[in-house]
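J.: Contents of start06.csv (CSV, C-alpha atoms and all ligand atoms):
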```csv
chain,number,residue,atom,x,y,z
A,1,SER,CA,46.9,-89.0,114.0
A,2,ASN,CA,46.8,-85.4,113.2
A,3,PRO,CA,48.9,-83.3,115.7
A,4,LEU,CA,46.3,-80.5,115.4
A,5,ASP,CA,43.7,-82.9,116.9
A,6,LYS,CA,45.8,-83.5,119.9
A,7,ASP,CA,46.5,-79.8,120.5
A,8,GLN,CA,42.8,-78.9,119.9
A,9,MET,CA,41.6,-81.5,122.6
A,10,GLN,CA,44.3,-80.3,125.0
A,11,GLY,CA,43.2,-76.7,124.6
A,12,LEU,CA,39.5,-77.6,125.1
A,13,ARG,CA,40.3,-79.6,128.3
A,14,GLY,CA,42.4,-76.8,129.6
A,15,ILE,CA,39.6,-74.3,129.1
A,16,ARG,CA,37.1,-76.7,130.8
A,17,GLU,CA,39.4,-77.1,133.8
A,18,PHE,CA,39.7,-73.3,134.0
A,19,LEU,CA,35.9,-72.9,134.0
A,20,LYS,CA,35.6,-75.4,136.8
A,21,VAL,CA,38.0,-73.5,139.2
A,22,ARG,CA,36.6,-70.1,138.5
A,23,THR,CA,33.3,-68.8,139.7
A,24,SER,CA,30.7,-66.5,138.0
A,25,TYR,CA,31.8,-63.9,140.5
A,26,ASP,CA,35.3,-63.9,139.1
A,27,VAL,CA,33.9,-62.7,135.7
A,28,LEU,CA,32.5,-59.5,137.2
A,29,PRO,CA,34.6,-56.3,136.9
A,30,LEU,CA,35.7,-54.6,140.1
A,31,SER,CA,33.0,-52.1,139.9
A,32,PHE,CA,29.9,-52.1,137.7
A,33,ARG,CA,26.5,-50.7,137.5
A,34,LEU,CA,23.3,-52.7,137.4
A,35,VAL,CA,20.0,-51.3,136.2
A,36,ILE,CA,17.1,-53.2,137.7
A,37,LEU,CA,13.5,-52.4,136.6
A,38,ASP,CA,10.4,-52.6,138.8
A,39,ASN,CA,7.9,-55.1,137.5
A,40,ASP,CA,5.2,-52.4,137.7
A,41,LEU,CA,6.8,-50.2,135.2
A,42,LEU,CA,5.0,-49.6,131.9
A,43,ILE,CA,6.6,-51.6,129.0
A,44,ARG,CA,6.6,-48.4,126.9
A,45,LYS,CA,8.7,-46.6,129.6
A,46,SER,CA,11.1,-49.5,129.9
A,47,LEU,CA,12.2,-49.0,126.3
A,48,ASN,CA,13.4,-45.5,127.0
A,49,ILE,CA,15.2,-46.5,130.1
A,50,LEU,CA,17.1,-49.2,128.2
A,51,ILE,CA,18.0,-46.8,125.4
A,52,GLN,CA,19.1,-44.0,127.8
A,53,ASN,CA,21.3,-46.4,129.7
A,54,GLY,CA,22.7,-48.0,126.5
A,55,ILE,CA,21.7,-51.5,127.6
A,56,VAL,CA,19.5,-54.2,126.0
A,57,SER,CA,18.4,-56.2,129.0
A,58,ALA,CA,17.7,-55.8,132.7
A,59,PRO,CA,16.6,-57.9,135.6
A,60,LEU,CA,13.1,-57.3,136.9
A,61,TRP,CA,12.1,-56.9,140.5
A,62,ASP,CA,8.8,-57.6,142.1
A,63,SER,CA,8.8,-55.0,144.9
A,64,ARG,CA,5.5,-56.3,146.4
A,65,ASN,CA,7.0,-59.7,147.2
A,66,GLY,CA,10.7,-58.6,147.3
A,67,THR,CA,11.7,-61.2,144.7
A,68,PHE,CA,13.5,-61.4,141.4
A,69,ALA,CA,10.9,-61.6,138.6
A,70,GLY,CA,12.9,-62.7,135.6
A,71,LEU,CA,15.1,-61.0,133.0
A,72,LEU,CA,13.8,-58.5,130.5
A,73,THR,CA,15.4,-59.0,127.0
A,74,SER,CA,14.7,-58.1,123.4
A,75,THR,CA,12.7,-61.4,123.1
A,76,ASP,CA,10.0,-59.8,125.3
A,77,TYR,CA,9.7,-56.8,123.0
A,78,ILE,CA,9.5,-59.2,120.0
A,79,ASN,CA,6.6,-60.9,121.9
A,80,VAL,CA,4.9,-57.6,122.4
A,81,ILE,CA,5.2,-56.9,118.6
A,82,GLN,CA,3.7,-60.3,117.9
A,83,TYR,CA,0.9,-59.5,120.2
A,84,TYR,CA,0.3,-56.2,118.5
A,85,CYS,CA,0.3,-58.0,115.1
A,86,GLN,CA,-2.3,-60.6,116.3
A,87,PHE,CA,-4.5,-58.0,118.1
A,88,PRO,CA,-4.0,-54.8,116.1
A,89,HIS,CA,-7.2,-53.2,117.6
A,90,GLU,CA,-5.8,-53.3,121.1
A,91,ILE,CA,-3.1,-50.8,120.5
A,92,ASP,CA,-4.4,-48.6,123.4
A,93,GLN,CA,-4.1,-51.5,125.7
A,94,VAL,CA,-0.6,-52.4,124.5
A,95,ASP,CA,0.4,-48.9,125.5
A,96,GLN,CA,-0.8,-49.6,129.1
A,97,PHE,CA,0.9,-53.0,129.5
A,98,ARG,CA,3.3,-53.2,132.4
A,99,LEU,CA,6.4,-55.4,132.6
A,100,SER,CA,4.4,-57.7,134.9
A,101,SER,CA,2.0,-58.4,131.9
A,102,LEU,CA,4.8,-60.0,129.9
A,103,ARG,CA,3.8,-63.5,131.0
A,104,ASP,CA,0.2,-62.8,130.0
A,105,ILE,CA,1.4,-61.7,126.6
A,106,GLU,CA,3.4,-64.9,126.1
A,107,ARG,CA,0.2,-66.9,126.9
A,108,ALA,CA,-1.9,-64.8,124.6
A,109,ILE,CA,0.4,-65.3,121.6
A,110,GLY,CA,1.1,-69.0,122.5
A,111,VAL,CA,4.8,-68.9,123.1
A,112,LEU,CA,6.4,-70.9,125.9
A,113,PRO,CA,7.8,-68.7,128.6
A,114,LEU,CA,11.6,-68.7,128.8
A,115,GLU,CA,12.8,-70.7,131.7
A,116,THR,CA,14.3,-68.3,134.2
A,117,VAL,CA,17.5,-69.9,135.3
A,118,SER,CA,19.8,-68.3,137.6
A,119,VAL,CA,23.0,-69.3,139.4
A,120,HIS,CA,24.7,-68.4,142.6
A,121,PRO,CA,27.7,-66.2,142.0
A,122,MET,CA,30.0,-68.4,144.0
A,123,ARG,CA,29.2,-71.6,142.0
A,124,PRO,CA,31.8,-72.7,139.4
A,125,LEU,CA,31.6,-70.8,136.1
A,126,TYR,CA,31.3,-74.1,134.3
A,127,GLU,CA,27.9,-74.6,135.9
A,128,ALA,CA,26.6,-71.2,134.6
A,129,CYS,CA,27.8,-72.2,131.1
A,130,ARG,CA,26.1,-75.5,131.2
A,131,ARG,CA,22.9,-74.0,132.4
A,132,MET,CA,23.0,-71.4,129.6
A,133,LEU,CA,23.5,-74.2,127.0
A,134,LYS,CA,20.8,-76.3,128.4
A,135,THR,CA,18.2,-73.6,128.4
A,136,ARG,CA,19.5,-71.6,125.4
A,137,ALA,CA,19.7,-68.5,127.6
A,138,ARG,CA,22.0,-65.9,126.3
A,139,ARG,CA,22.5,-64.3,129.7
A,140,ILE,CA,22.1,-65.6,133.2
A,141,PRO,CA,21.3,-63.6,136.4
A,142,LEU,CA,23.5,-64.2,139.4
A,143,ILE,CA,21.3,-64.4,142.4
A,144,ASP,CA,22.4,-64.6,146.0
A,145,THR,CA,20.1,-65.4,149.0
A,146,ASP,CA,20.6,-64.1,152.5
A,147,ASP,CA,21.0,-67.0,154.9
A,148,GLU,CA,19.0,-65.4,157.7
A,149,THR,CA,16.2,-63.5,156.0
A,150,GLY,CA,16.0,-65.7,152.9
A,151,ARG,CA,15.8,-62.5,150.8
A,152,GLU,CA,17.2,-62.6,147.2
A,153,THR,CA,19.7,-60.2,145.8
A,154,VAL,CA,20.4,-59.8,142.1
A,155,VAL,CA,24.2,-59.4,142.1
A,156,SER,CA,24.7,-59.1,138.3
A,157,VAL,CA,23.9,-60.7,135.0
A,158,ILE,CA,26.6,-62.5,133.0
A,159,THR,CA,26.4,-62.9,129.2
A,160,GLN,CA,27.9,-65.5,126.8
A,161,TYR,CA,30.1,-62.7,125.5
A,162,ARG,CA,31.5,-61.9,129.0
A,163,ILE,CA,32.3,-65.5,129.6
A,164,LEU,CA,34.1,-66.0,126.3
A,165,LYS,CA,36.0,-62.8,126.8
A,166,PHE,CA,37.0,-63.9,130.3
A,167,ILE,CA,38.4,-67.1,128.7
A,168,ALA,CA,40.1,-65.1,125.9
A,169,VAL,CA,41.8,-62.7,128.4
A,170,ASN,CA,42.8,-65.3,131.0
A,171,ASN,CA,43.4,-68.5,129.1
A,172,GLU,CA,45.5,-67.7,126.2
A,173,GLN,CA,47.8,-70.7,126.8
A,174,HIS,CA,44.8,-72.9,125.9
A,175,THR,CA,43.0,-70.8,123.3
A,176,MET,CA,46.2,-70.7,121.3
A,177,LEU,CA,46.0,-74.5,120.9
A,178,LEU,CA,42.7,-74.3,119.0
A,179,LYS,CA,44.2,-74.4,115.5
A,180,LYS,CA,41.6,-76.3,113.5
A,181,PRO,CA,39.6,-74.4,110.8
A,182,VAL,CA,36.0,-73.6,111.8
A,183,ARG,CA,34.5,-75.4,108.9
A,184,GLU,CA,36.4,-78.6,109.7
A,185,ILE,CA,35.2,-78.7,113.3
A,186,GLY,CA,31.6,-77.9,112.2
A,187,LEU,CA,31.5,-74.7,114.2
A,188,GLY,CA,28.4,-72.7,113.3
A,189,THR,CA,25.5,-73.1,110.8
A,190,TYR,CA,26.0,-73.4,107.1
A,191,ILE,CA,22.8,-74.7,105.7
A,192,ASP,CA,19.2,-73.4,105.8
A,193,LEU,CA,20.4,-69.8,106.7
A,194,ALA,CA,17.7,-67.2,107.3
A,195,THR,CA,18.5,-64.1,105.3
A,196,ALA,CA,16.7,-60.9,104.2
A,197,ASN,CA,17.5,-57.9,102.0
A,198,MET,CA,17.6,-54.2,102.5
A,199,ASN,CA,14.0,-53.8,101.2
A,200,SER,CA,12.5,-56.4,103.5
A,201,SER,CA,10.3,-54.9,106.2
A,202,VAL,CA,11.4,-55.0,109.8
A,203,LEU,CA,8.3,-57.2,110.5
A,204,ASP,CA,9.5,-59.7,107.9
A,205,VAL,CA,12.8,-60.0,109.7
A,206,ILE,CA,11.2,-60.3,113.1
A,207,TYR,CA,9.1,-63.1,111.7
A,208,LEU,CA,12.2,-64.9,110.6
A,209,MET,CA,13.9,-64.5,114.0
A,210,VAL,CA,10.8,-66.0,115.7
A,211,LYS,CA,10.4,-68.8,113.1
A,212,TYR,CA,14.1,-69.9,113.3
A,213,ASN,CA,14.5,-69.0,117.0
A,214,ILE,CA,17.6,-66.9,116.2
A,215,SER,CA,18.8,-63.5,117.3
A,216,ALA,CA,20.2,-62.1,114.1
A,217,VAL,CA,19.5,-62.2,110.3
A,218,PRO,CA,22.2,-61.4,107.7
A,219,ILE,CA,21.1,-58.8,105.2
A,220,VAL,CA,22.3,-59.8,101.7
A,221,ASP,CA,22.2,-58.4,98.2
A,222,LYS,CA,20.9,-60.3,95.1
A,223,ASP,CA,24.3,-62.0,94.8
A,224,ASN,CA,24.2,-63.2,98.4
A,225,ARG,CA,26.9,-60.7,99.4
A,226,VAL,CA,26.6,-59.6,103.1
A,227,MET,CA,25.5,-56.0,103.4
A,228,ASN,CA,24.6,-55.8,107.1
A,229,LEU,CA,23.1,-57.8,109.9
A,230,PHE,CA,19.7,-57.2,111.7
A,231,GLU,CA,19.9,-58.2,115.3
A,232,ALA,CA,17.1,-58.8,117.8
A,233,VAL,CA,18.3,-55.8,119.8
A,234,ASP,CA,17.8,-53.6,116.8
A,235,VAL,CA,14.1,-53.9,117.4
A,236,ILE,CA,14.3,-51.8,120.6
A,237,PRO,CA,14.9,-48.4,118.9
A,238,CYS,CA,12.3,-49.3,116.2
A,239,ILE,CA,9.4,-49.4,118.7
A,240,LYS,CA,10.6,-46.6,120.9
A,241,GLY,CA,7.7,-44.4,121.9
A,242,GLY,CA,5.2,-47.1,120.9
A,243,ALA,CA,5.8,-46.6,117.2
A,244,TYR,CA,4.5,-50.1,116.2
A,245,ASP,CA,3.2,-48.9,112.9
A,246,GLU,CA,6.7,-48.1,111.8
A,247,LEU,CA,7.6,-51.8,111.8
A,248,THR,CA,6.5,-51.8,108.2
A,249,ALA,CA,9.6,-49.7,107.4
A,250,THR,CA,12.4,-51.3,105.5
A,251,VAL,CA,15.4,-52.9,107.2
A,252,GLY,CA,17.6,-50.4,105.4
A,253,ASP,CA,15.8,-47.5,107.0
A,254,ALA,CA,15.9,-49.1,110.4
A,255,LEU,CA,19.6,-49.9,110.3
A,256,SER,CA,20.5,-46.4,109.2
A,257,GLN,CA,19.1,-45.2,112.6
A,258,ARG,CA,21.5,-47.3,114.6
A,259,ALA,CA,23.3,-45.6,117.5
A,260,GLU,CA,26.6,-44.0,116.7
A,261,ASP,CA,28.5,-46.2,119.0
A,262,PHE,CA,27.4,-49.3,117.1
A,263,GLY,CA,30.3,-51.7,117.1
A,264,GLY,CA,29.9,-53.0,113.6
A,265,ILE,CA,29.6,-56.6,112.4
A,266,TYR,CA,32.3,-59.2,112.4
A,267,THR,CA,33.2,-61.6,109.7
A,268,CYS,CA,35.5,-64.5,109.3
A,269,SER,CA,36.4,-67.2,106.7
A,270,GLU,CA,35.9,-70.9,106.8
A,271,GLU,CA,39.7,-71.2,107.1
A,272,ASP,CA,39.8,-69.1,110.3
A,273,ARG,CA,40.5,-70.9,113.5
A,274,LEU,CA,39.2,-70.6,117.0
A,275,ASP,CA,42.5,-69.1,118.3
A,276,SER,CA,42.0,-66.0,116.1
A,277,ILE,CA,38.3,-65.9,116.9
A,278,PHE,CA,39.2,-65.7,120.6
A,279,GLU,CA,41.6,-63.0,119.8
A,280,THR,CA,38.8,-61.0,118.2
A,281,ILE,CA,36.6,-61.6,121.2
A,282,ARG,CA,39.4,-60.4,123.5
A,283,LYS,CA,39.6,-57.1,121.6
A,284,SER,CA,36.0,-56.4,120.6
A,285,ARG,CA,32.5,-56.8,121.6
A,286,VAL,CA,31.5,-59.5,119.2
A,287,HIS,CA,28.1,-61.1,119.3
A,288,ARG,CA,28.4,-63.4,116.4
A,289,LEU,CA,30.6,-63.9,113.3
A,290,ILE,CA,29.3,-64.0,109.8
A,291,VAL,CA,31.3,-66.5,107.7
A,292,VAL,CA,32.0,-65.2,104.2
A,293,ASP,CA,34.1,-66.1,101.2
A,294,ASP,CA,36.6,-63.9,99.4
A,295,ASP,CA,33.8,-62.1,97.6
A,296,SER,CA,31.9,-61.3,100.8
A,297,ARG,CA,29.3,-63.9,99.9
A,298,LEU,CA,27.5,-65.5,102.9
A,299,LYS,CA,28.7,-69.0,103.8
A,300,GLY,CA,27.5,-69.4,107.4
A,301,ILE,CA,27.1,-67.9,110.8
A,302,ILE,CA,28.8,-68.6,114.1
A,303,SER,CA,26.9,-67.5,117.2
A,304,LEU,CA,28.5,-67.2,120.6
A,305,SER,CA,26.4,-70.2,121.7
A,306,ASP,CA,27.9,-72.3,118.9
A,307,ILE,CA,31.4,-71.4,120.3
A,308,LEU,CA,30.4,-72.0,123.9
A,309,LYS,CA,28.8,-75.3,123.0
A,310,TYR,CA,31.9,-76.5,121.2
A,311,VAL,CA,34.2,-75.4,123.9
A,312,LEU,CA,32.3,-77.1,126.6
A,313,LEU,CA,30.8,-80.2,125.0
A,314,TYR,CA,32.9,-81.4,122.1
A,315,GLY,CA,34.1,-84.9,122.8
A,316,GLU,CA,32.5,-85.2,126.2
A,317,GLU,CA,30.8,-88.4,127.2
A,318,GLU,CA,27.0,-88.5,127.3
A,319,ASP,CA,27.2,-89.6,131.0
A,320,ASP,CA,29.1,-86.5,132.0
A,321,LEU,CA,26.4,-84.4,130.4
A,322,GLN,CA,23.5,-85.7,132.5
A,323,GLU,CA,24.9,-84.0,135.6
A,324,TYR,CA,24.0,-80.5,134.7
A,401,LIG,P1,22.8,-67.0,120.3
A,401,LIG,O1,22.0,-68.2,120.9
A,401,LIG,O2,24.3,-67.0,120.5
A,401,LIG,O3,22.2,-65.7,120.4
A,401,LIG,P2,21.5,-67.3,117.7
A,401,LIG,O4,20.2,-67.4,118.4
A,401,LIG,O5,21.7,-66.3,116.7
A,401,LIG,O6,22.7,-67.3,118.7
A,401,LIG,O7,21.8,-68.7,117.1
A,401,LIG,C1,21.2,-70.0,117.5
A,401,LIG,C2,21.6,-71.0,116.5
A,401,LIG,O8,21.1,-70.7,115.2
A,401,LIG,C3,23.1,-71.2,116.3
A,401,LIG,O9,23.5,-72.5,116.1
A,401,LIG,C4,23.4,-70.4,115.0
A,401,LIG,O10,24.5,-70.9,114.3
A,401,LIG,C5,22.1,-70.5,114.2
A,401,LIG,N1,21.8,-69.3,113.5
A,401,LIG,C6,22.1,-68.1,113.8
A,401,LIG,N2,21.6,-67.2,112.9
A,401,LIG,C7,21.1,-67.9,111.9
A,401,LIG,C8,20.5,-67.6,110.6
A,401,LIG,N3,20.3,-66.3,110.2
A,401,LIG,N4,20.0,-68.6,109.9
A,401,LIG,C9,20.2,-69.9,110.3
A,401,LIG,N5,20.7,-70.3,111.5
A,401,LIG,C10,21.2,-69.3,112.3
```
Any chance you could give the structure as structure tokens?
Ligand code: ADP

T.:
Amino acid sequence: SNPLDKDQMQGLRGIREFLKVRTSYDVLPLSFRLVILDNDLLIRKSLNILIQNGIVSAPLWDSRNGTFAGLLTSTDYINVIQYYCQFPHEIDQVDQFRLSSLRDIERAIGVLPLETVSVHPMRPLYEACRRMLKTRARRIPLIDTDDETGRETVVSVITQYRILKFIAVNNEQHTMLLKKPVREIGLGTYIDLATANMNSSVLDVIYLMVKYNISAVPIVDKDNRVMNLFEAVDVIPCIKGGAYDELTATVGDALSQRAEDFGGIYTCSEEDRLDSIFETIRKSRVHRLIVVDDDSRLKGIISLSDILKYVLLYGEEEDDLQEY
């Protein structure tokens, strides 16, 4: 058999063992800041707070009941936009919506509420990963409960990126064994790709993200060359200040207003291997990789969930998967 196969499997097993002996708590930096938003806050105001703090998501807190009330993410804003599109005459009301109305908005536009999963920070990291994959959550809140009072505390939120970076930084002896080309291991999506061009409207792209249930759309030219990438989080600055009517603007205009600290987009080729992808993750804040050919033509897309899924599940027995 191919010696690369043996190494690859050994690397994957090593990483899985590592995730089983570390906890979600281990992933957290020594000191960090956590912005928690009160559920009573106006949605309109929550946008500014996220932008001012340079974040794209925050846990919500129900201060009346003293409980965690879910995670605010760009999906919620996309839902508000869909609501606005379906009920354009209610713009005044949209302006008055509070974060606590997000569940009503989901119901009104007929989307299923995202399952709010959380994990205890001291549980194995492997468990957090499995829950993320099962629910398709891109981030998961760490919730602790006080034994005596039963009160909940939101300790932090961990993302797929943080977990993969934690692996990349601490588990090089295993990631270096992952030497099979991404195309050969079927990592990522290569058919039926959703794309748009610079002249598409922001609304068109949002519609694609909803339809395909994805968080980014590559922007290509007429020869299918990758020009840019529109991400779900790019929606946030677009609707700042309640500017829903500006969603008819083009993707090109919207992307030219990106914050200065925008990290850029990351590409790879079909011949690249997971060892080098982990190297990229170790060095930079990657959210997905666009697979291109030598002429920058779009071939595929590898999301962090594709990587996490492969690393955790490839070659596992069905029976072992039922447990989580
Ligand atoms: P994540 O869950 O990591 O945020 P996405 O939601 O972007 O990632 O991707 C979910 C799935 O859809 C992945 O399997 C990914 O390969 C695929 N995918 C991502 N973007 C596109 C796209 N533009 N067209 C088709 N499939 C995509």

J.: Which one of A:Met198, A:Ile302, A:Leu4, A:Ala58 sits closest to ligand LIG 401 (chain A) if you count all atoms listed in the file?

T.: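 The closest residue to ligand LIG 401 (chain A) is A:Ile302.
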
J.: Using all atoms listed in the file, pick whichever of A:Lys299, A:Lys211, A:Arg151, A:Arg138 has the shortest atom-to-atom distance to ligand LIG 401 (chain A).

T.: A:Arg138

J.: With the cut-off set at 9 Å and counting all atoms listed in the file, tabulate each residue of chain A with an atom at most that distance from an atom of ligand LIG 401 (chain A), showing the nearest atom pair and its distance in Å to one decimal, ordered by chain and increasing number, as a tab-separated table.

T.:
```
residue	atom	partner	partner_atom	distance
A:Leu133	CA	A:LIG401	O1	8.7
A:Arg136	CA	A:LIG401	O1	6.2
A:Ala137	CA	A:LIG401	O1	7.1
A:Arg138	CA	A:LIG401	O1	5.9
A:Gln160	CA	A:LIG401	O2	7.4
A:Tyr161	CA	A:LIG401	O2	8.8
A:Leu187	CA	A:LIG401	O10	8.0
A:Gly188	CA	A:LIG401	O10	4.4
A:Thr189	CA	A:LIG401	O10	4.3
A:Tyr190	CA	A:LIG401	C9	7.5
A:Ile191	CA	A:LIG401	C9	7.1
A:Asp192	CA	A:LIG401	C9	5.8
A:Leu193	CA	A:LIG401	N4	3.4
A:Ala194	CA	A:LIG401	N4	3.7
A:Thr195	CA	A:LIG401	N3	5.7
A:Ala196	CA	A:LIG401	N3	8.8
A:Leu208	CA	A:LIG401	N3	8.2
A:Met209	CA	A:LIG401	N3	7.7
A:Tyr212	CA	A:LIG401	C9	6.8
A:Asn213	CA	A:LIG401	O4	6.1
A:Ile214	CA	A:LIG401	O4	3.4
A:Ser215	CA	A:LIG401	O5	4.1
A:Ala216	CA	A:LIG401	O5	5.2
A:Val217	CA	A:LIG401	N3	4.2
A:Pro218	CA	A:LIG401	N3	5.8
A:Leu229	CA	A:LIG401	N3	9.0
A:Glu231	CA	A:LIG401	O5	8.4
A:Ala232	CA	A:LIG401	O5	8.9
A:His287	CA	A:LIG401	O2	7.1
A:Arg288	CA	A:LIG401	O2	6.8
A:Ile290	CA	A:LIG401	N2	8.9
A:Gly300	CA	A:LIG401	O10	7.7
A:Ile301	CA	A:LIG401	O10	5.3
A:Ile302	CA	A:LIG401	O10	4.9
A:Ser303	CA	A:LIG401	O2	4.2
A:Leu304	CA	A:LIG401	O2	4.2
A:Ser305	CA	A:LIG401	O2	4.0
A:Asp306	CA	A:LIG401	O9	5.2
A:Ile307	CA	A:LIG401	O2	8.4
A:Leu308	CA	A:LIG401	O2	8.6
```

J.: Which one of A:Asp147, A:Val27, A:Gly14, A:Asp204 sits closest to Gln82 (chain A) if you count all atoms listed in the file?

T.: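 Result for the nearest residue to Gln82 (chain A): A:Asp204.
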
J.: Counting all atoms listed in the file, which residues have an atom no more than 12 Å from (19.0, -45.5, 114.8) in the file's coordinates? Please list them as a list of chain:residue names.

T.: A:Ile51, A:Val233, A:Asp234, A:Val235, A:Ile236, A:Pro237, A:Cys238, A:Ile239, A:Lys240, A:Val251, A:Gly252, A:Asp253, A:Ala254, A:Leu255, A:Ser256, A:Gln257, A:Arg258, A:Ala259, A:Glu260, A:Asp261, A:Phe262

J.: From the list A:Val292, A:Leu247, A:Leu274, A:Leu178, which residue is nearest Arg13 (chain A) when using only C-alpha atoms?

T.: A:Leu178

J.: Report the distance between CA of Ile167 (chain A) and CA of Val182 (chain A) in Å, rounded to one decimal place.

T.: 18.3 Å

J.: In Å, with one decimal, what is the gap from CA of Val154 (chain A) to CA of Thr73 (chain A)?

T.: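 We find that CA of Val154 (chain A) and CA of Thr73 (chain A) lie 15.9 Å from each other.
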
J.: So, with all atoms listed in the file as the atoms that count, which of A:Val157, A:Ile143, A:Leu125, A:Ile81 lies closest to Val56 (chain A)?

T.: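 Counting all atoms listed in the file, the residue closest to Val56 (chain A) is A:Val157.
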
J.: Mind pulling up the distance from CA of Gly186 (chain A) to CA of Glu17 (chain A)?

T.: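 Pair CA of Glu17 (chain A) / CA of Gly186 (chain A) returns 23.0 Å.
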
J.: With all atoms listed in the file as the basis for distance, which of A:Ile36, A:Tyr310, A:Phe230, A:Thr248 is at the shortest distance from Leu203 (chain A)?

T.: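 That would be A:Thr248, the residue with the smallest distance to Leu203 (chain A).
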
J.: Could you give me, as JSON lines, a per-residue list for region 113-225 of chain A showing, wherever an atom lies at most 10 Å from an atom of region 69-72 of chain A, the closest pair of atoms and their distance in Å to one decimal, using only C-alpha atoms and sorting by chain then residue number from low to high?

T.:
```
{"residue": "A:Leu114", "atom": "CA", "partner": "A:Gly70", "partner_atom": "CA", "distance": 9.2}
{"residue": "A:Glu115", "atom": "CA", "partner": "A:Gly70", "partner_atom": "CA", "distance": 8.9}
{"residue": "A:Thr116", "atom": "CA", "partner": "A:Gly70", "partner_atom": "CA", "distance": 5.9}
{"residue": "A:Val117", "atom": "CA", "partner": "A:Gly70", "partner_atom": "CA", "distance": 8.5}
{"residue": "A:Ser118", "atom": "CA", "partner": "A:Gly70", "partner_atom": "CA", "distance": 9.1}
{"residue": "A:Arg139", "atom": "CA", "partner": "A:Leu71", "partner_atom": "CA", "distance": 8.7}
{"residue": "A:Ile140", "atom": "CA", "partner": "A:Leu71", "partner_atom": "CA", "distance": 8.4}
{"residue": "A:Pro141", "atom": "CA", "partner": "A:Leu71", "partner_atom": "CA", "distance": 7.5}
{"residue": "A:Val157", "atom": "CA", "partner": "A:Leu71", "partner_atom": "CA", "distance": 9.0}
```

J.: Just want the 7 Å neighbourhood of Glu270 (chain A), counted on only C-alpha atoms, with same-chain residues fewer than 5 positions away dropped. Output as an NGL selection string.

T.: :A and (181-183 or 291)

J.: Set the distance at 10 Å and use all atoms listed in the file: which residues neighbour region 281-285 of chain A once local chain neighbours fewer than 2 positions away are removed? I'd like the list as number ranges by chain.

T.: A: 161-162, 164-170, 172, 263-266, 275-279, 287-288, 304

J.: Excluding region 97-107 of chain A and residues on its chain fewer than 3 positions from it, collect all residues at most 6 Å away from it, counting only C-alpha atoms, and give them as a ChimeraX atom specification.

T.: /A:39-43,94,110-111

J.: Set the distance at 10 Å and use only C-alpha atoms: which residues neighbour Asp221 (chain A) once local chain neighbours fewer than 4 positions away are removed? I'd like the list as a list in words.

T.: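 My reading of the contact set: Thr195, Ala196, Asn197, Met198, Asn199, Arg225, Val226, Met227, Asn228 and Arg297 of chain A.
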
J.: Write the residues of the selection above to a file with C-alpha atoms, as a PDB file, in the frame of the given file.

T.:
```
ATOM      1  CA  THR A 195      18.500 -64.100 105.300  1.00  0.00           C
ATOM      2  CA  ALA A 196      16.700 -60.900 104.200  1.00  0.00           C
ATOM      3  CA  ASN A 197      17.500 -57.900 102.000  1.00  0.00           C
ATOM      4  CA  MET A 198      17.600 -54.200 102.500  1.00  0.00           C
ATOM      5  CA  ASN A 199      14.000 -53.800 101.200  1.00  0.00           C
ATOM      6  CA  ARG A 225      26.900 -60.700  99.400  1.00  0.00           C
ATOM      7  CA  VAL A 226      26.600 -59.600 103.100  1.00  0.00           C
ATOM      8  CA  MET A 227      25.500 -56.000 103.400  1.00  0.00           C
ATOM      9  CA  ASN A 228      24.600 -55.800 107.100  1.00  0.00           C
ATOM     10  CA  ARG A 297      29.300 -63.900  99.900  1.00  0.00           C
TER      11      ARG A 297
END
```

J.: Per residue of region 145-233 of chain A within 9 Å of region 20-26 of chain A, which atom pair is closest and at what distance in Å (one decimal), using all atoms listed in the file, listed by chain and increasing number, as CSV?

T.:
```
residue,atom,partner,partner_atom,distance
A:Val155,CA,A:Tyr25,CA,9.0
A:Ser156,CA,A:Tyr25,CA,8.8
A:Ile158,CA,A:Ser24,CA,7.6
A:Ile163,CA,A:Ser24,CA,8.6
A:Phe166,CA,A:Asp26,CA,9.0
```

J.: N, CA and C atoms for region 300-306 of chain A, written as a CSV table (one decimal), keeping the file's coordinate frame, could you do that?

T.:
```
chain,number,residue,atom,x,y,z
A,300,GLY,N,28.1,-68.9,106.1
A,300,GLY,CA,27.5,-69.4,107.4
A,300,GLY,C,27.5,-68.3,108.5
A,301,ILE,N,27.1,-68.8,109.7
A,301,ILE,CA,27.1,-67.9,110.8
A,301,ILE,C,27.5,-68.7,112.1
A,302,ILE,N,28.3,-68.0,112.8
A,302,ILE,CA,28.8,-68.6,114.1
A,302,ILE,C,28.3,-67.8,115.2
A,303,SER,N,27.4,-68.3,116.1
A,303,SER,CA,26.9,-67.5,117.2
A,303,SER,C,27.8,-67.8,118.4
A,304,LEU,N,27.7,-67.0,119.4
A,304,LEU,CA,28.5,-67.2,120.6
A,304,LEU,C,28.1,-68.5,121.3
A,305,SER,N,26.8,-68.9,121.1
A,305,SER,CA,26.4,-70.2,121.7
A,305,SER,C,27.0,-71.4,121.0
A,306,ASP,N,27.2,-71.2,119.7
A,306,ASP,CA,27.9,-72.3,118.9
A,306,ASP,C,29.3,-72.5,119.5
```
